[in-house]
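Written below as structure tokens is the structure these notes are about.
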Amino acid sequence: MSSMSGNNFKDFKLKPLHIYVLFHLRRANIDYAKSIAKSLKMDQPEIERVLKELESLRLIERTRGSAIKRSEARFKLSYEVRKHHTYYELTKEGEHTMRSIRDAFDKYLASLTGRDATFDILQFFRRAGCEHAGVISRTFSMKIDECRRLLTELVQLGLLAYCDSKVLKRKHRRAKPKKETRTHHKYYKLSRLSELMLRHM
């Protein structure tokens, strides 16, 4: 990742995981790697790597002092705790970046994939649950090969995941009224990262 030449998200490439961590810190005010990893159900070393990258971009910084108060770290239950981890918070530049991306989240997603419909496709998955490329291509008037490439790219970005079940219940594939569906195609669903981002953006 290169350093930023401005505060417009088009000027630099932040991956969705970077964006979520910025958003998490905006909500939490102050937090640490283990706590963020727990919310995402991800490995802590991966979050530690992202925190270091965001720190190198001067979007976040380490907090000072030996104790943390609940008024500072909003997700803490105790009034005050001793610091046993490295805590981070947004810098002013990080705050500005987060606001600009929240105000134009659909454009941010389009900048990642080159497809204006990316945000709408993720919202479709949010409503529909698991679905396959054929349905997505018809719904969004895309060629099937183009659609498959986009869905694969969204998996690589961590925004979609594969549905592994051989039989999908109605609650998993809400776009279809059938009680259950046997999977003869590759089905996709929102990842936890995507769910959390769409829930709070």
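Residue numbering restarts at 1 in every chain; chains get A, B, ... in the order shown in the structure tokens, and ligands count up from 1 in that same order.
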
Taking 5 positions as the minimum chain separation for residues in the same chain, which residues sit within 10 Å of Gly94 in chain A when counting only C-alpha atoms? Answer as a PDB file with N, CA and C atoms, in the first residue's frame.
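Below is the file result_12.pdb, written as the result:
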ATOM      1  N   ASN A   7      -7.206  13.085   0.785  1.00  0.00           N
ATOM      2  CA  ASN A   7      -8.200  12.459   1.633  1.00  0.00           C
ATOM      3  C   ASN A   7      -9.344  11.830   0.849  1.00  0.00           C
ATOM      4  N   LEU A  22     -11.403   0.734  10.450  1.00  0.00           N
ATOM      5  CA  LEU A  22     -11.595   2.171  10.676  1.00  0.00           C
ATOM      6  C   LEU A  22     -12.991   2.441  11.234  1.00  0.00           C
ATOM      7  N   PHE A  23     -13.982   1.798  10.645  1.00  0.00           N
ATOM      8  CA  PHE A  23     -15.346   1.988  11.121  1.00  0.00           C
ATOM      9  C   PHE A  23     -15.505   1.493  12.557  1.00  0.00           C
ATOM     10  N   LEU A  25     -13.247   1.312  14.883  1.00  0.00           N
ATOM     11  CA  LEU A  25     -12.599   2.251  15.807  1.00  0.00           C
ATOM     12  C   LEU A  25     -13.410   3.541  15.949  1.00  0.00           C
ATOM     13  N   ARG A  26     -14.113   3.900  14.892  1.00  0.00           N
ATOM     14  CA  ARG A  26     -14.960   5.099  14.995  1.00  0.00           C
ATOM     15  C   ARG A  26     -16.097   4.861  15.983  1.00  0.00           C
ATOM     16  N   LEU A  54      -2.646   0.434   8.727  1.00  0.00           N
ATOM     17  CA  LEU A  54      -3.383   1.680   8.921  1.00  0.00           C
ATOM     18  C   LEU A  54      -2.568   2.695   9.716  1.00  0.00           C
ATOM     19  N   GLU A  55      -1.780   2.191  10.656  1.00  0.00           N
ATOM     20  CA  GLU A  55      -0.909   3.082  11.425  1.00  0.00           C
ATOM     21  C   GLU A  55       0.164   3.698  10.517  1.00  0.00           C
ATOM     22  N   LEU A  57      -0.136   4.378   7.473  1.00  0.00           N
ATOM     23  CA  LEU A  57      -0.809   5.372   6.630  1.00  0.00           C
ATOM     24  C   LEU A  57      -1.267   6.588   7.425  1.00  0.00           C
ATOM     25  N   ARG A  58      -1.017   6.553   8.741  1.00  0.00           N
ATOM     26  CA  ARG A  58      -1.384   7.645   9.653  1.00  0.00           C
ATOM     27  C   ARG A  58      -2.899   7.845   9.750  1.00  0.00           C
ATOM     28  N   LEU A  59      -3.623   6.755   9.553  1.00  0.00           N
ATOM     29  CA  LEU A  59      -5.074   6.804   9.718  1.00  0.00           C
ATOM     30  C   LEU A  59      -5.488   6.438  11.137  1.00  0.00           C
ATOM     31  N   ILE A  60      -4.635   5.707  11.843  1.00  0.00           N
ATOM     32  CA  ILE A  60      -4.859   5.404  13.256  1.00  0.00           C
ATOM     33  C   ILE A  60      -3.558   5.630  14.013  1.00  0.00           C
ATOM     34  N   GLU A  61      -3.664   5.716  15.335  1.00  0.00           N
ATOM     35  CA  GLU A  61      -2.472   5.879  16.172  1.00  0.00           C
ATOM     36  C   GLU A  61      -2.670   5.144  17.486  1.00  0.00           C
ATOM     37  N   GLU A  89      -6.672   4.320  18.130  1.00  0.00           N
ATOM     38  CA  GLU A  89      -7.780   5.225  17.873  1.00  0.00           C
ATOM     39  C   GLU A  89      -7.553   5.897  16.521  1.00  0.00           C
ATOM     40  N   ARG A  99     -15.389   9.292   7.146  1.00  0.00           N
ATOM     41  CA  ARG A  99     -16.583  10.057   6.776  1.00  0.00           C
ATOM     42  C   ARG A  99     -16.772  10.081   5.263  1.00  0.00           C
ATOM     43  N   SER A 100     -15.675  10.271   4.521  1.00  0.00           N
ATOM     44  CA  SER A 100     -15.783  10.363   3.062  1.00  0.00           C
ATOM     45  C   SER A 100     -16.234   9.035   2.467  1.00  0.00           C
TER      46      SER A 100
END

Item checked: Shell of 10 Å around range 150-166 of chain A, only C-alpha atoms, local chain residues under 6 positions omitted, as a PyMOL selection string -> chain A and resi 15-17+109+112-115+118+121-122+125+129-133+136+144+172+181-195+197

Write out, as a short mmCIF file (atom, residue, chain, number, x, y, z; two decimals), in the first residue's frame, the residues just selected, with N, CA and C atoms.
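That gives us part-v3.cif:
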data_model
loop_
_atom_site.label_atom_id
_atom_site.label_comp_id
_atom_site.auth_asym_id
_atom_site.auth_seq_id
_atom_site.Cartn_x
_atom_site.Cartn_y
_atom_site.Cartn_z
N LYS A 15 -8.54 -1.83 1.39
CA LYS A 15 -9.39 -3.00 1.21
C LYS A 15 -10.55 -2.94 2.21
N PRO A 16 -11.61 -3.72 1.95
CA PRO A 16 -12.75 -3.70 2.86
C PRO A 16 -12.40 -3.96 4.32
N LEU A 17 -11.44 -4.84 4.57
CA LEU A 17 -11.06 -5.11 5.97
C LEU A 17 -10.47 -3.86 6.62
N LEU A 109 -17.06 0.95 -3.28
CA LEU A 109 -17.14 -0.43 -3.75
C LEU A 109 -16.93 -0.51 -5.26
N LEU A 112 -13.37 -0.50 -6.26
CA LEU A 112 -12.65 -1.77 -6.03
C LEU A 112 -12.83 -2.74 -7.18
N THR A 113 -14.03 -2.77 -7.74
CA THR A 113 -14.36 -3.79 -8.74
C THR A 113 -14.50 -3.25 -10.16
N GLY A 114 -14.65 -1.93 -10.29
CA GLY A 114 -14.91 -1.36 -11.61
C GLY A 114 -16.35 -1.55 -12.05
N ARG A 115 -17.24 -1.95 -11.13
CA ARG A 115 -18.66 -2.19 -11.45
C ARG A 115 -19.55 -1.31 -10.59
N THR A 118 -21.93 -2.96 -7.81
CA THR A 118 -21.38 -3.77 -6.71
C THR A 118 -22.18 -3.61 -5.42
N ILE A 121 -25.54 -5.29 -5.67
CA ILE A 121 -25.42 -6.75 -5.63
C ILE A 121 -25.25 -7.24 -4.20
N LEU A 122 -24.44 -6.55 -3.42
CA LEU A 122 -24.27 -6.93 -2.01
C LEU A 122 -25.58 -6.75 -1.25
N PHE A 125 -27.76 -9.72 -1.97
CA PHE A 125 -27.39 -10.87 -1.15
C PHE A 125 -27.86 -10.69 0.29
N GLY A 129 -30.01 -13.89 0.85
CA GLY A 129 -29.26 -14.98 1.46
C GLY A 129 -28.33 -15.60 0.44
N CYS A 130 -28.35 -16.91 0.31
CA CYS A 130 -27.48 -17.61 -0.66
C CYS A 130 -28.09 -17.54 -2.06
N GLU A 131 -27.24 -17.31 -3.06
CA GLU A 131 -27.72 -17.29 -4.44
C GLU A 131 -26.57 -17.62 -5.38
N HIS A 132 -26.91 -18.01 -6.62
CA HIS A 132 -25.86 -18.40 -7.57
C HIS A 132 -25.75 -17.38 -8.70
N ALA A 133 -24.70 -17.51 -9.50
CA ALA A 133 -24.37 -16.53 -10.52
C ALA A 133 -25.48 -16.35 -11.55
N ILE A 136 -27.99 -13.87 -10.27
CA ILE A 136 -27.40 -12.52 -10.20
C ILE A 136 -27.26 -11.93 -11.59
N ILE A 144 -23.09 -13.99 -18.03
CA ILE A 144 -22.80 -14.96 -16.97
C ILE A 144 -21.32 -15.02 -16.64
N HIS A 172 -32.11 -19.86 4.21
CA HIS A 172 -30.81 -19.54 3.63
C HIS A 172 -30.93 -18.95 2.23
N THR A 181 -33.60 -26.22 -1.34
CA THR A 181 -33.01 -26.28 -2.68
C THR A 181 -31.76 -27.13 -2.63
N ARG A 182 -31.67 -28.11 -3.53
CA ARG A 182 -30.43 -28.87 -3.66
C ARG A 182 -29.47 -28.06 -4.53
N THR A 183 -28.24 -27.93 -4.08
CA THR A 183 -27.29 -27.04 -4.75
C THR A 183 -26.62 -27.74 -5.94
N HIS A 184 -27.04 -27.35 -7.15
CA HIS A 184 -26.41 -27.85 -8.37
C HIS A 184 -25.48 -26.79 -8.97
N HIS A 185 -25.42 -25.63 -8.31
CA HIS A 185 -24.55 -24.54 -8.74
C HIS A 185 -23.64 -24.15 -7.58
N LYS A 186 -22.71 -23.25 -7.85
CA LYS A 186 -21.89 -22.65 -6.78
C LYS A 186 -22.69 -21.48 -6.20
N TYR A 187 -23.02 -21.56 -4.93
CA TYR A 187 -23.81 -20.52 -4.27
C TYR A 187 -22.91 -19.61 -3.44
N TYR A 188 -23.33 -18.35 -3.36
CA TYR A 188 -22.57 -17.33 -2.63
C TYR A 188 -23.47 -16.70 -1.57
N LYS A 189 -22.84 -16.11 -0.57
CA LYS A 189 -23.56 -15.37 0.46
C LYS A 189 -22.65 -14.25 0.96
N LEU A 190 -23.21 -13.31 1.72
CA LEU A 190 -22.41 -12.26 2.32
C LEU A 190 -21.44 -12.87 3.33
N SER A 191 -20.24 -12.35 3.39
CA SER A 191 -19.31 -12.72 4.45
C SER A 191 -19.70 -11.97 5.72
N ARG A 192 -19.14 -12.37 6.84
CA ARG A 192 -19.42 -11.65 8.09
C ARG A 192 -18.93 -10.21 7.99
N LEU A 193 -17.76 -10.02 7.38
CA LEU A 193 -17.23 -8.67 7.18
C LEU A 193 -18.24 -7.81 6.43
N SER A 194 -18.78 -8.33 5.35
CA SER A 194 -19.75 -7.59 4.54
C SER A 194 -21.02 -7.31 5.32
N GLU A 195 -21.49 -8.31 6.06
CA GLU A 195 -22.70 -8.13 6.88
C GLU A 195 -22.54 -6.96 7.85
N MET A 197 -20.35 -4.47 7.73
CA MET A 197 -20.19 -3.19 7.05
C MET A 197 -21.53 -2.65 6.57
#

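Here CA of Arg127 in chain A is placed at a distance of 11.9 Å from CA of Arg199 in chain A.
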
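Counting from CA of Ile19 in chain A, the distance to CA of Ala128 in chain A is 24.3 Å.
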
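Closest to Ser141 in chain A among A:Leu14, A:Tyr88, A:Ala117, A:Glu93 is A:Ala117, based on only C-alpha atoms.
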
Check your understanding: Near range 27-42 of chain A, counting only C-alpha atoms, which residues have an atom at most 8 Å away, once you skip same-chain residues fewer than 2 positions from it, shown as a VMD selection string?
Key -> chain A and resid 21 23 to 25 44 46 to 48 51 63 72 to 75 85 to 90 192 to 193

Given the selection you just returned, output its residues as a file containing N, CA and C atoms, formatted as a compact mmCIF listing (two decimals), in the first residue's frame.
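The resulting out-v9.txt:
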# COMPACT_ATOMS: atom_id res chain seq x y z
N VAL A 21 -12.13 -1.91 9.94
CA VAL A 21 -11.37 -1.60 11.16
C VAL A 21 -11.48 -0.11 11.47
N PHE A 23 -13.98 1.80 10.65
CA PHE A 23 -15.35 1.99 11.12
C PHE A 23 -15.51 1.49 12.56
N HIS A 24 -14.93 0.33 12.85
CA HIS A 24 -15.00 -0.23 14.21
C HIS A 24 -14.40 0.75 15.22
N LEU A 25 -13.25 1.31 14.88
CA LEU A 25 -12.60 2.25 15.81
C LEU A 25 -13.41 3.54 15.95
N GLN A 44 -6.48 -13.22 15.04
CA GLN A 44 -5.91 -11.98 15.57
C GLN A 44 -4.71 -11.47 14.77
N GLU A 46 -4.11 -11.47 11.65
CA GLU A 46 -4.58 -10.76 10.46
C GLU A 46 -5.00 -9.33 10.81
N ILE A 47 -5.69 -9.17 11.93
CA ILE A 47 -6.12 -7.84 12.37
C ILE A 47 -4.92 -7.01 12.81
N GLU A 48 -3.95 -7.65 13.46
CA GLU A 48 -2.74 -6.93 13.86
C GLU A 48 -2.00 -6.39 12.63
N LEU A 51 -3.92 -3.34 11.37
CA LEU A 51 -3.71 -2.20 12.26
C LEU A 51 -2.35 -1.54 11.99
N THR A 63 -2.76 4.67 21.48
CA THR A 63 -3.16 5.55 22.56
C THR A 63 -2.08 5.58 23.65
N GLU A 72 -13.75 6.43 27.31
CA GLU A 72 -12.84 6.48 26.17
C GLU A 72 -13.03 5.27 25.25
N ALA A 73 -13.14 4.08 25.84
CA ALA A 73 -13.33 2.85 25.08
C ALA A 73 -14.78 2.41 25.27
N ARG A 74 -15.65 2.73 24.33
CA ARG A 74 -17.10 2.58 24.52
C ARG A 74 -17.55 1.14 24.67
N PHE A 75 -16.76 0.17 24.17
CA PHE A 75 -17.16 -1.23 24.26
C PHE A 75 -16.72 -1.90 25.56
N HIS A 85 -3.02 -4.46 26.44
CA HIS A 85 -2.90 -4.62 24.99
C HIS A 85 -2.48 -3.28 24.39
N THR A 86 -2.18 -3.31 23.10
CA THR A 86 -1.92 -2.07 22.38
C THR A 86 -3.25 -1.56 21.84
N TYR A 87 -3.66 -0.40 22.32
CA TYR A 87 -4.93 0.19 21.91
C TYR A 87 -4.70 1.22 20.81
N TYR A 88 -5.69 1.32 19.92
CA TYR A 88 -5.61 2.26 18.80
C TYR A 88 -6.84 3.16 18.76
N GLU A 89 -6.67 4.32 18.13
CA GLU A 89 -7.78 5.22 17.87
C GLU A 89 -7.55 5.90 16.52
N LEU A 90 -8.61 6.47 15.96
CA LEU A 90 -8.49 7.16 14.68
C LEU A 90 -7.72 8.47 14.84
N ARG A 192 -19.14 -12.37 6.84
CA ARG A 192 -19.42 -11.65 8.09
C ARG A 192 -18.93 -10.21 7.99
N LEU A 193 -17.76 -10.02 7.38
CA LEU A 193 -17.23 -8.67 7.18
C LEU A 193 -18.24 -7.81 6.43

Assign secondary structure with DSSP using the backbone only, and return the residues of range 94-155 of chain A in helix (DSSP H, G or I) as a PyMOL selection string.
chain A and resi 94-103+105-113+118-128+133-139+144-155

Just to be explicit: take each residue in the selection above, keep C-alpha atoms, and write the result as a PDB file, in the first residue's frame.
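Output file result.pdb is given in full below:
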ATOM      1  CA  GLY A  94      -8.627   8.648   9.701  1.00  0.00           C
ATOM      2  CA  GLU A  95     -11.850  10.368  10.822  1.00  0.00           C
ATOM      3  CA  HIS A  96     -11.982  12.353   7.589  1.00  0.00           C
ATOM      4  CA  THR A  97     -11.319   9.235   5.488  1.00  0.00           C
ATOM      5  CA  MET A  98     -14.027   7.274   7.287  1.00  0.00           C
ATOM      6  CA  ARG A  99     -16.583  10.057   6.776  1.00  0.00           C
ATOM      7  CA  SER A 100     -15.783  10.363   3.062  1.00  0.00           C
ATOM      8  CA  ILE A 101     -16.166   6.610   2.515  1.00  0.00           C
ATOM      9  CA  ARG A 102     -19.415   6.401   4.488  1.00  0.00           C
ATOM     10  CA  ASP A 103     -20.827   9.276   2.450  1.00  0.00           C
ATOM     11  CA  PHE A 105     -19.800   3.780   0.099  1.00  0.00           C
ATOM     12  CA  ASP A 106     -21.330   2.693  -3.198  1.00  0.00           C
ATOM     13  CA  LYS A 107     -18.626   4.607  -5.102  1.00  0.00           C
ATOM     14  CA  TYR A 108     -15.932   3.092  -2.882  1.00  0.00           C
ATOM     15  CA  LEU A 109     -17.141  -0.432  -3.748  1.00  0.00           C
ATOM     16  CA  ALA A 110     -17.337   0.469  -7.432  1.00  0.00           C
ATOM     17  CA  SER A 111     -13.727   1.694  -7.268  1.00  0.00           C
ATOM     18  CA  LEU A 112     -12.654  -1.765  -6.028  1.00  0.00           C
ATOM     19  CA  THR A 113     -14.359  -3.795  -8.739  1.00  0.00           C
ATOM     20  CA  THR A 118     -21.383  -3.772  -6.712  1.00  0.00           C
ATOM     21  CA  PHE A 119     -23.223  -2.119  -3.803  1.00  0.00           C
ATOM     22  CA  ASP A 120     -26.620  -3.159  -5.191  1.00  0.00           C
ATOM     23  CA  ILE A 121     -25.421  -6.751  -5.630  1.00  0.00           C
ATOM     24  CA  LEU A 122     -24.273  -6.925  -2.007  1.00  0.00           C
ATOM     25  CA  GLN A 123     -27.612  -5.483  -0.897  1.00  0.00           C
ATOM     26  CA  PHE A 124     -29.336  -8.161  -2.998  1.00  0.00           C
ATOM     27  CA  PHE A 125     -27.388 -10.872  -1.150  1.00  0.00           C
ATOM     28  CA  ARG A 126     -28.292  -9.209   2.139  1.00  0.00           C
ATOM     29  CA  ARG A 127     -31.986  -9.671   1.323  1.00  0.00           C
ATOM     30  CA  ALA A 128     -31.797 -12.975  -0.558  1.00  0.00           C
ATOM     31  CA  ALA A 133     -24.367 -16.526 -10.522  1.00  0.00           C
ATOM     32  CA  GLY A 134     -27.251 -17.318 -12.897  1.00  0.00           C
ATOM     33  CA  VAL A 135     -29.775 -15.453 -10.748  1.00  0.00           C
ATOM     34  CA  ILE A 136     -27.400 -12.525 -10.200  1.00  0.00           C
ATOM     35  CA  SER A 137     -26.617 -12.231 -13.919  1.00  0.00           C
ATOM     36  CA  ARG A 138     -30.318 -12.175 -14.829  1.00  0.00           C
ATOM     37  CA  THR A 139     -31.255  -9.766 -12.049  1.00  0.00           C
ATOM     38  CA  ILE A 144     -22.802 -14.956 -16.970  1.00  0.00           C
ATOM     39  CA  ASP A 145     -19.000 -15.038 -17.372  1.00  0.00           C
ATOM     40  CA  GLU A 146     -18.766 -11.381 -16.346  1.00  0.00           C
ATOM     41  CA  CYS A 147     -20.968 -12.102 -13.331  1.00  0.00           C
ATOM     42  CA  ARG A 148     -18.880 -15.098 -12.239  1.00  0.00           C
ATOM     43  CA  ARG A 149     -15.705 -13.008 -12.452  1.00  0.00           C
ATOM     44  CA  LEU A 150     -17.263 -10.302 -10.290  1.00  0.00           C
ATOM     45  CA  LEU A 151     -18.514 -12.786  -7.679  1.00  0.00           C
ATOM     46  CA  THR A 152     -15.070 -14.417  -7.522  1.00  0.00           C
ATOM     47  CA  GLU A 153     -13.507 -10.982  -7.066  1.00  0.00           C
ATOM     48  CA  LEU A 154     -15.920 -10.203  -4.228  1.00  0.00           C
ATOM     49  CA  VAL A 155     -14.921 -13.473  -2.536  1.00  0.00           C
TER      50      VAL A 155
END

Taken to one decimal, the CA of Asp116 in chain A-CA of Phe140 in chain A distance is 10.9 Å
